[in-house]
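Colleague: A single structure is presented below for examination.
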Amino acid sequence: MQSNTTSSNESLMSSFLEHPRLLPQTVEKRLFQLDLAANALKSSCLVVVPTGLGKTVIALMVVLARMDMGRILFLAPTKPLVEQHAAFLQRVLKDKDLVSMMTGERAPEKRIESWRQSQIVVSTPQVIENDLLSRRIDLEDVSLVIFDEAHRAVGNYAYVYIADRYHREAKNPRVLGITASPGSQSEKIAEICSNLHIETIQTRTENDPDVAPFVHEREIEWVKLIVPKELLQIRTAIEELLSRRIDDLNLLGVSSVRIDAKSSKKELLGLQAAFMSSAKNKANKSTFAAISLMAEILKLHHAVELAETQGPDALARYFQRLDGEALSRSGSKASRRIMQDPSFRQVVETLHNLKVEHPKPAAVLRILQEQIAEKPHSRIMVFTNYRDTATSLLKFLKEDNAIRAVRFVGQSSRENDEGLSQKKQADILQKFRAGDFNVLIATSVGEEGIDIPATDLVIFYEPVPSEIRSIQRKGRTGRARAGRVVVLMAKGTRDEAYYWISDRKEKTMNRQIRDLSGPGQESILKEKDPKEPFPRQLQITEAVAGHTEADEKDLQIEIGEDEESPGKILAKVFVDFREREMAKLLEAQGIEVTVKNLDVGDYVISDKVAIERKTAQDFVSSIIDPQRNLFRQMADLARTYDRPVLILEGRDLYTSQMNVASIRGAMISVAVDYGVPIIPTEDRDETASVIALLARREMREGREPKVHGHKTARTLKEQQEYLVSAISSVGPTVARNLLKHFGSVEKIMTASSEQLQEVELVGPKIAQRIRELVGGEYKG
């Protein structure tokens with residue numbers, strides 16, 4: 001990386017932006033930013049610039065130019081980023097009240113108020129998506145939507161839905177996507193542009209003459225470490241277990257793709273997806289056996305990676321989780337089979353007696369000590385792929401008082417591993433900026449966009465095989481001054497492979513970005529297909545019970561606008577909040593969707609018709625799961641609505657271990673005892689078409705959706721079973737055994753470990769879990 005710091009360059013940076021809405025001398029003027037912003041004002045644009053070069057300032061310039069045309073929506077993928085952008089705008093604008101921040105922690109009523117009163121709304125996309133689906137807000141008067149970290153706009157991410165709604169609703173739409181790393185594949189860049197309705201791409205690299213003066217040197221070092229032979233022997237033992245299962249899988253002959261112990265996780269996941277798809281379309285014993293083996297293969301593959309790149313502590317924690325899953329009644333069968341394998345039990349025993357450590361923790365400690373000794377006020381970020389590693393590394397670093405480390409992870413929690421709320425994340429970042437902590441040990445949640453200008457050093461605990469993540473990690477340093485990146489690599493492990501994969505992808509992406517600056521962008525943008533918001537007509541071609549050729553015309557239902565009343569939506573549906581993805585599909589078919597919390601049913605079509613949707617596997621599970629009781633749901637549906645409907649989606653109804661006669665008996669009961677007709681569908685798309693057809697049918701009859709009824713309350717018996725079964729490793733069967741034996745929840749909770757073990761299916765570990773829950777000290 002080049003560094004230029006001359007007096008002439010300093011003079012280049014000494015001028016500031018001037019605008020009636022800006023506070024004076026708050027935002028430095030850089031010509032390349034002005035040029036990019038000017039081009040972004042001509043058409044919807046994707047701006048690609050390296051990290052630390054002021055993507056937010058470019059966005060600010062476009063905001064200032066579009067504010068008088070309507071509301072501004074500034075989207076960022078995480079709450080810390082939202083807070084960062086909102087704080088920046090409030091710091092530089094004369095009127096701070098123009099800016100408001102919307103997050104899921106605010107009540108919907110407060111969000112609606114903020115939306116109406118604010119000129120600039122900064123939010124996570126999930127909040128905006130939910131409020132759009134719930135019809136609390138619309139995008140008609142929004143003059144600009146900014147998509148920060150625009151590379152996320154793929155698949156089902158909320159950016160895609162918002163951009164599509166914006167393109168359809170806004171009077172004067174303009175999109176600005178900003179990212180440092182759009183990816184190395186032209187197909188992905190084309191998908192991003194298509195999903196965001198991007199028309200042009202503007203780029204800069206660190207080597208461009210107008211950018212180079214603002215680039216700070218970033219020194220990159222690779223530290224190669226030797227893994228102890230004892231730990232490699234454990235890795236080899238796990239690889240032997242993995243190879244046996246791979247051989248068994250290949251012998252089944254269910255796939256022409258053959259794998260081995262060196263196959264990548266991506267390849268394994270792709271094969272697993274193929275098996276799952278095959279099971280849905282044409283189930284047989286070999287396919288189910290392959291799915292079971294693949295579940296074990298993926299778990300052992302992960303164990304190999306932990307052994308060679310993370311160390312014994314992280315591996316031991318993983319083995320503990322496998323053991324917990326094996327003991328749980330509702331846990332993984334793959335984990336149970338692995339834990340029952342005598343060879344694997346031997347690996348667990350060997351690991352327990354291991355006396356050596358992985359060299360990475362000591363290397364991190366040494367690097368940190370050297371950095372802090374040389375620069376006592378340093379801020380350092382250590383990135384690792386795994387929470388277990390972050391936890392063990394934090395514990396290891398506490399030996400040195402000069403190192404004030406903190407763990408920075410995502411929100412989700414699991415057993416013995418509590419996540420961080422958005423509030424806690426923001427608090428940790430603030431303390432890190434202030435110097436209360438000087439080392440931030442982060443998982444992937446810390447990679448994107450976090451602006452800590454004073455970060456002097458970034459350590460990769462392991463290389464990552466993703467060019468986007470690698471660039472994001474490196475971009476946390478060298479922002480306001482020279483920085484340093486250290487990548488740890490365990491020799492002879494997949495660390496080395498991941499490094500070379502990431503390096504190759506980064507170089508490919510840099511070539512793509514250079515090409516995008518010229519004629520190359522034309523070929524990229526040509527790859528995107530213009531998106532129709534929904535097809536003009538839905539043709540029902542399959543036979544429908546009871547209809548004749550004379551009815552054919554009635555079954556060709558327009559699903560766009562009413563030609564006599566342009567802009568009028570033909571049908572409305574209330575959708576339960578858990579069915580958000582289906583809500584998007586219905587909107588794509590021209591249905592006016594409102595997401596609500598529905599007590600009864602998943603979709604309310606009219607005052608008479610409501611639908612419960614179940615995938616085939618969900619249907620089977622709800623037959624036996626007391627928390628999702630199928631028959632109570634059908635009773636509530638039939639009691640509340642005159643014309644209840646059950647949509648049964650998917651072909652894999654008989655692929656579970658449940659007796660076929662039991663499944664058919666449940667279907668007969670639904671149709672005959674509860675009077676709920678069953679409509680089978682192939683997949684989500686067909687389900688959406690059926691719901692849309694029903695909605696239009698009701699609308700033509702003059703009936704609009706109206707919510708009725710409430711769920712039937714659980715009986716005391718069901719509540720007791722639910723309460724006890726919620727204890728870790730205690731499923732419905734064990735809960736019923738405990739209640740039958742002791743007679744009440746109170747007696748279960750006061751029983752000793754020995755008394756608990758008198759109950760059928762309750763062993764020492766389940767008894768210990770119950771006693772820990774009842775007698776353990778609460779740590780708030």
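Starting from 1 in every chain, residues are counted up; chains themselves are A, B, ... following the order of the structure tokens, and ligands are numbered from 1 as listed.
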May I have the residues within 10 Å of Val707 in chain A as a list in words, using only C-alpha atoms and disregarding those fewer than 4 positions away in the same chain?
Modeller: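 My reading of the contact set: Phe574, Lys596, Leu598, Asp599, Val600, Gly601, Tyr603, Val604, Ile605, Ser606, Asp607, Lys608, Val609, Ala610, Thr640 and Tyr641 of chain A.
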Colleague: Only N, CA, C and O atoms, please: the residues just picked out, written as an mmCIF file, in the first residue's frame.
Modeller:
```cif
data_model
loop_
_atom_site.group_PDB
_atom_site.id
_atom_site.type_symbol
_atom_site.label_atom_id
_atom_site.label_comp_id
_atom_site.auth_asym_id
_atom_site.auth_seq_id
_atom_site.Cartn_x
_atom_site.Cartn_y
_atom_site.Cartn_z
ATOM 1 N N PHE A 574 -54.514 -10.330 4.892
ATOM 2 C CA PHE A 574 -53.791 -10.141 6.142
ATOM 3 C C PHE A 574 -52.883 -11.361 6.327
ATOM 4 O O PHE A 574 -53.350 -12.506 6.227
ATOM 5 N N LYS A 596 -49.773 -8.768 10.105
ATOM 6 C CA LYS A 596 -50.349 -8.576 11.436
ATOM 7 C C LYS A 596 -49.967 -9.760 12.315
ATOM 8 O O LYS A 596 -49.514 -10.802 11.822
ATOM 9 N N LEU A 598 -51.513 -12.562 13.889
ATOM 10 C CA LEU A 598 -52.773 -13.300 13.815
ATOM 11 C C LEU A 598 -52.797 -14.411 14.860
ATOM 12 O O LEU A 598 -51.901 -15.251 14.897
ATOM 13 N N ASP A 599 -53.829 -14.424 15.690
ATOM 14 C CA ASP A 599 -53.975 -15.493 16.681
ATOM 15 C C ASP A 599 -54.420 -16.795 16.034
ATOM 16 O O ASP A 599 -54.029 -17.883 16.464
ATOM 17 N N VAL A 600 -55.268 -16.684 15.015
ATOM 18 C CA VAL A 600 -55.816 -17.869 14.351
ATOM 19 C C VAL A 600 -55.508 -17.791 12.860
ATOM 20 O O VAL A 600 -55.841 -16.794 12.205
ATOM 21 N N GLY A 601 -54.887 -18.844 12.334
ATOM 22 C CA GLY A 601 -54.568 -18.894 10.912
ATOM 23 C C GLY A 601 -53.299 -18.128 10.565
ATOM 24 O O GLY A 601 -52.799 -17.313 11.348
ATOM 25 N N TYR A 603 -53.165 -16.745 7.234
ATOM 26 C CA TYR A 603 -53.629 -15.758 6.250
ATOM 27 C C TYR A 603 -55.134 -15.576 6.421
ATOM 28 O O TYR A 603 -55.870 -16.568 6.496
ATOM 29 N N VAL A 604 -55.575 -14.335 6.479
ATOM 30 C CA VAL A 604 -57.004 -14.036 6.496
ATOM 31 C C VAL A 604 -57.349 -13.420 5.150
ATOM 32 O O VAL A 604 -56.815 -12.369 4.776
ATOM 33 N N ILE A 605 -58.242 -14.097 4.413
ATOM 34 C CA ILE A 605 -58.580 -13.708 3.053
ATOM 35 C C ILE A 605 -59.818 -12.808 3.029
ATOM 36 O O ILE A 605 -59.927 -11.889 2.228
ATOM 37 N N SER A 606 -60.760 -13.112 3.920
ATOM 38 C CA SER A 606 -61.988 -12.325 4.013
ATOM 39 C C SER A 606 -62.582 -12.540 5.396
ATOM 40 O O SER A 606 -61.958 -13.168 6.261
ATOM 41 N N ASP A 607 -63.807 -12.041 5.597
ATOM 42 C CA ASP A 607 -64.449 -12.262 6.885
ATOM 43 C C ASP A 607 -64.869 -13.716 7.064
ATOM 44 O O ASP A 607 -65.203 -14.149 8.164
ATOM 45 N N LYS A 608 -64.840 -14.494 5.976
ATOM 46 C CA LYS A 608 -65.248 -15.893 6.037
ATOM 47 C C LYS A 608 -64.103 -16.883 5.858
ATOM 48 O O LYS A 608 -64.134 -17.990 6.384
ATOM 49 N N VAL A 609 -63.073 -16.498 5.075
ATOM 50 C CA VAL A 609 -62.023 -17.441 4.680
ATOM 51 C C VAL A 609 -60.701 -17.119 5.380
ATOM 52 O O VAL A 609 -60.238 -15.975 5.339
ATOM 53 N N ALA A 610 -60.125 -18.132 5.989
ATOM 54 C CA ALA A 610 -58.779 -18.031 6.569
ATOM 55 C C ALA A 610 -58.011 -19.300 6.239
ATOM 56 O O ALA A 610 -58.608 -20.380 6.083
ATOM 57 N N THR A 640 -63.598 -20.339 14.182
ATOM 58 C CA THR A 640 -63.522 -18.889 14.002
ATOM 59 C C THR A 640 -63.993 -18.436 12.621
ATOM 60 O O THR A 640 -64.576 -17.355 12.499
ATOM 61 N N TYR A 641 -63.733 -19.237 11.593
ATOM 62 C CA TYR A 641 -64.060 -18.814 10.226
ATOM 63 C C TYR A 641 -65.012 -19.820 9.566
ATOM 64 O O TYR A 641 -64.876 -21.040 9.758
#
```
Colleague: Report as a PyMOL selection string all protein, DNA and RNA residues lying within 10 Å of Arg258 in chain A, evaluated on only C-alpha atoms, omitting residues in the same chain fewer than 2 positions from it.
Modeller: chain A and resi 246-247+249-251+253-256+260+263+271
Colleague: Looking only at the backbone, which of the residues in range 70-300 of chain A does DSSP tag as helix (DSSP H, G or I), as a ChimeraX atom specification?
Modeller: /A:79-92,96-98,108-117,125-133,150-152,158-169,186-196,212-214,229-252,265-281,285-300
Colleague: Point out the residue among A:His85, A:His352, A:Lys572, A:Lys740 with the least atom-to-atom distance to Lys717 in chain A, counting only C-alpha atoms.
Modeller: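 Ranking A:His85, A:His352, A:Lys572, A:Lys740 by distance to Lys717 in chain A, first place goes to A:Lys740.
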Colleague: Distance CA of Leu756 in chain A-CA of Leu322 in chain A, one decimal place?
Modeller: 23.7 Å
Colleague: Please give the complete set of residues from range 312-513 of chain A that DSSP, run on the backbone, assigns to strand (DSSP E), formatted as a list in words.
Modeller: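 Those residues are Arg379, Ile380, Met381, Val382, Phe383, Ala405, Val406, Arg407, Phe408, Val439, Leu440, Ile441, Ala442, Thr455, Asp456, Leu457, Val458, Ile459, Phe460, Gly483, Arg484, Val485, Val486, Val487, Leu488, Met489 and Ala490 of chain A.
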Colleague: Go ahead and write the selection's residues with C-alpha atoms as a compact mmCIF listing (two decimals), in the first residue's frame.
Modeller:
```
# COMPACT_ATOMS: atom_id res chain seq x y z
CA ARG A 379 -6.65 0.22 19.63
CA ILE A 380 -6.48 -3.35 18.35
CA MET A 381 -9.08 -5.62 16.76
CA VAL A 382 -8.70 -9.41 16.74
CA PHE A 383 -11.01 -11.20 14.30
CA ALA A 405 -9.87 -7.03 26.06
CA VAL A 406 -13.59 -7.46 25.43
CA ARG A 407 -15.59 -9.93 23.33
CA PHE A 408 -17.77 -8.51 20.51
CA VAL A 439 -8.53 -4.90 22.39
CA LEU A 440 -11.77 -5.90 20.66
CA ILE A 441 -12.09 -9.65 20.01
CA ALA A 442 -14.74 -9.81 17.30
CA THR A 455 -7.46 1.28 15.23
CA ASP A 456 -3.74 0.67 14.77
CA LEU A 457 -3.64 -3.09 14.41
CA VAL A 458 -5.97 -5.80 13.07
CA ILE A 459 -5.17 -9.46 13.73
CA PHE A 460 -6.75 -12.28 11.71
CA GLY A 483 -2.16 0.74 10.24
CA ARG A 484 -0.96 -2.82 10.45
CA VAL A 485 -2.60 -6.17 9.62
CA VAL A 486 -1.27 -9.48 10.97
CA VAL A 487 -2.65 -12.77 9.63
CA LEU A 488 -1.98 -15.95 11.62
CA MET A 489 -1.59 -19.15 9.60
CA ALA A 490 -1.17 -22.67 10.97
```
Colleague: Find the residues near range 86-93 of chain A: any atom within 6 Å, counting only C-alpha atoms, skip ones fewer than 6 places away on the same chain, and give them as a ChimeraX atom specification.
Modeller: /A:21-23,26
Colleague: Please measure the separation of CA of Pro80 in chain A and CA of Phe147 in chain A, giving the value in Å to one decimal.
Modeller: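 We find that CA of Pro80 in chain A and CA of Phe147 in chain A lie 15.3 Å from each other.
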Colleague: For a quick check of understanding, using only C-alpha atoms, which of A:Thr681, A:Gln371, A:Ser662, A:Ser15 has the smallest distance to Thr615 in chain A?
Modeller: A:Thr681
Colleague: Residues within 6 Å of range 172-189 of chain A, please, as a VMD selection string. Count only C-alpha atoms; anything in the same chain fewer than 6 positions from it doesn't count.
Modeller: chain A and resid 44 to 51 143 to 151 468 505 508 to 509
Colleague: Write the residues you've just listed into a file as a PDB file, in the first residue's frame, and include N, CA and C atoms for each of them.
Modeller:
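Wrote selection-v3.pdb, looks like this:
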```
ATOM      1  N   SER A  44     -29.490   6.359 -10.748  1.00  0.00           N
ATOM      2  CA  SER A  44     -29.268   5.425  -9.639  1.00  0.00           C
ATOM      3  C   SER A  44     -27.927   4.727  -9.840  1.00  0.00           C
ATOM      4  N   CYS A  45     -27.128   4.698  -8.775  1.00  0.00           N
ATOM      5  CA  CYS A  45     -25.700   4.409  -8.949  1.00  0.00           C
ATOM      6  C   CYS A  45     -25.174   3.504  -7.841  1.00  0.00           C
ATOM      7  N   LEU A  46     -24.257   2.605  -8.200  1.00  0.00           N
ATOM      8  CA  LEU A  46     -23.481   1.828  -7.237  1.00  0.00           C
ATOM      9  C   LEU A  46     -22.090   2.435  -7.171  1.00  0.00           C
ATOM     10  N   VAL A  47     -21.686   2.921  -5.985  1.00  0.00           N
ATOM     11  CA  VAL A  47     -20.373   3.524  -5.787  1.00  0.00           C
ATOM     12  C   VAL A  47     -19.483   2.522  -5.045  1.00  0.00           C
ATOM     13  N   VAL A  48     -18.360   2.181  -5.645  1.00  0.00           N
ATOM     14  CA  VAL A  48     -17.412   1.229  -5.067  1.00  0.00           C
ATOM     15  C   VAL A  48     -16.109   1.959  -4.777  1.00  0.00           C
ATOM     16  N   VAL A  49     -15.793   2.137  -3.499  1.00  0.00           N
ATOM     17  CA  VAL A  49     -14.533   2.778  -3.095  1.00  0.00           C
ATOM     18  C   VAL A  49     -13.951   2.011  -1.910  1.00  0.00           C
ATOM     19  N   PRO A  50     -12.625   2.042  -1.727  1.00  0.00           N
ATOM     20  CA  PRO A  50     -12.014   1.323  -0.615  1.00  0.00           C
ATOM     21  C   PRO A  50     -12.489   1.842   0.739  1.00  0.00           C
ATOM     22  N   THR A  51     -12.375   0.995   1.750  1.00  0.00           N
ATOM     23  CA  THR A  51     -12.766   1.376   3.108  1.00  0.00           C
ATOM     24  C   THR A  51     -11.905   2.535   3.599  1.00  0.00           C
ATOM     25  N   SER A 143     -37.261  10.549  -1.824  1.00  0.00           N
ATOM     26  CA  SER A 143     -36.516  10.997  -3.008  1.00  0.00           C
ATOM     27  C   SER A 143     -35.184  10.273  -3.173  1.00  0.00           C
ATOM     28  N   LEU A 144     -34.704   9.600  -2.110  1.00  0.00           N
ATOM     29  CA  LEU A 144     -33.414   8.910  -2.183  1.00  0.00           C
ATOM     30  C   LEU A 144     -33.381   7.787  -1.159  1.00  0.00           C
ATOM     31  N   VAL A 145     -32.960   6.605  -1.594  1.00  0.00           N
ATOM     32  CA  VAL A 145     -32.661   5.510  -0.664  1.00  0.00           C
ATOM     33  C   VAL A 145     -31.188   5.160  -0.813  1.00  0.00           C
ATOM     34  N   ILE A 146     -30.478   5.167   0.314  1.00  0.00           N
ATOM     35  CA  ILE A 146     -29.062   4.807   0.335  1.00  0.00           C
ATOM     36  C   ILE A 146     -28.938   3.414   0.938  1.00  0.00           C
ATOM     37  N   PHE A 147     -28.283   2.515   0.226  1.00  0.00           N
ATOM     38  CA  PHE A 147     -28.050   1.154   0.699  1.00  0.00           C
ATOM     39  C   PHE A 147     -26.569   1.015   1.052  1.00  0.00           C
ATOM     40  N   ASP A 148     -26.251   1.141   2.349  1.00  0.00           N
ATOM     41  CA  ASP A 148     -24.873   0.956   2.786  1.00  0.00           C
ATOM     42  C   ASP A 148     -24.549  -0.538   2.790  1.00  0.00           C
ATOM     43  N   GLU A 149     -23.289  -0.887   2.545  1.00  0.00           N
ATOM     44  CA  GLU A 149     -22.878  -2.285   2.397  1.00  0.00           C
ATOM     45  C   GLU A 149     -23.782  -2.959   1.366  1.00  0.00           C
ATOM     46  N   ALA A 150     -23.844  -2.344   0.176  1.00  0.00           N
ATOM     47  CA  ALA A 150     -24.792  -2.758  -0.863  1.00  0.00           C
ATOM     48  C   ALA A 150     -24.551  -4.179  -1.370  1.00  0.00           C
ATOM     49  N   HIS A 151     -23.373  -4.750  -1.082  1.00  0.00           N
ATOM     50  CA  HIS A 151     -23.117  -6.123  -1.523  1.00  0.00           C
ATOM     51  C   HIS A 151     -24.057  -7.125  -0.879  1.00  0.00           C
ATOM     52  N   ILE A 468     -14.729 -10.596   0.314  1.00  0.00           N
ATOM     53  CA  ILE A 468     -15.502  -9.514   0.938  1.00  0.00           C
ATOM     54  C   ILE A 468     -15.155  -9.389   2.412  1.00  0.00           C
ATOM     55  N   LYS A 505      -9.298 -14.288  -4.904  1.00  0.00           N
ATOM     56  CA  LYS A 505     -10.581 -13.602  -5.083  1.00  0.00           C
ATOM     57  C   LYS A 505     -10.431 -12.089  -4.979  1.00  0.00           C
ATOM     58  N   THR A 508      -9.026 -10.852  -8.204  1.00  0.00           N
ATOM     59  CA  THR A 508     -10.063 -10.902  -9.238  1.00  0.00           C
ATOM     60  C   THR A 508     -11.042  -9.751  -9.070  1.00  0.00           C
ATOM     61  N   MET A 509     -11.415  -9.487  -7.808  1.00  0.00           N
ATOM     62  CA  MET A 509     -12.358  -8.400  -7.549  1.00  0.00           C
ATOM     63  C   MET A 509     -11.746  -7.053  -7.921  1.00  0.00           C
TER      64      MET A 509
END
```
Colleague: Here is a test: counting only C-alpha atoms, which residue of A:Val575, A:Ser335, A:Ile238, A:Met101 is nearest to Lys706 in chain A?
Modeller: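 Counting only C-alpha atoms, the residue closest to Lys706 in chain A is A:Val575.
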Colleague: Report the distance between CA of Arg700 in chain A and CA of Ala571 in chain A in Å, rounded to one decimal place.
Modeller: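 Atom-to-atom, CA of Arg700 in chain A to CA of Ala571 in chain A, that is 8.5 Å.
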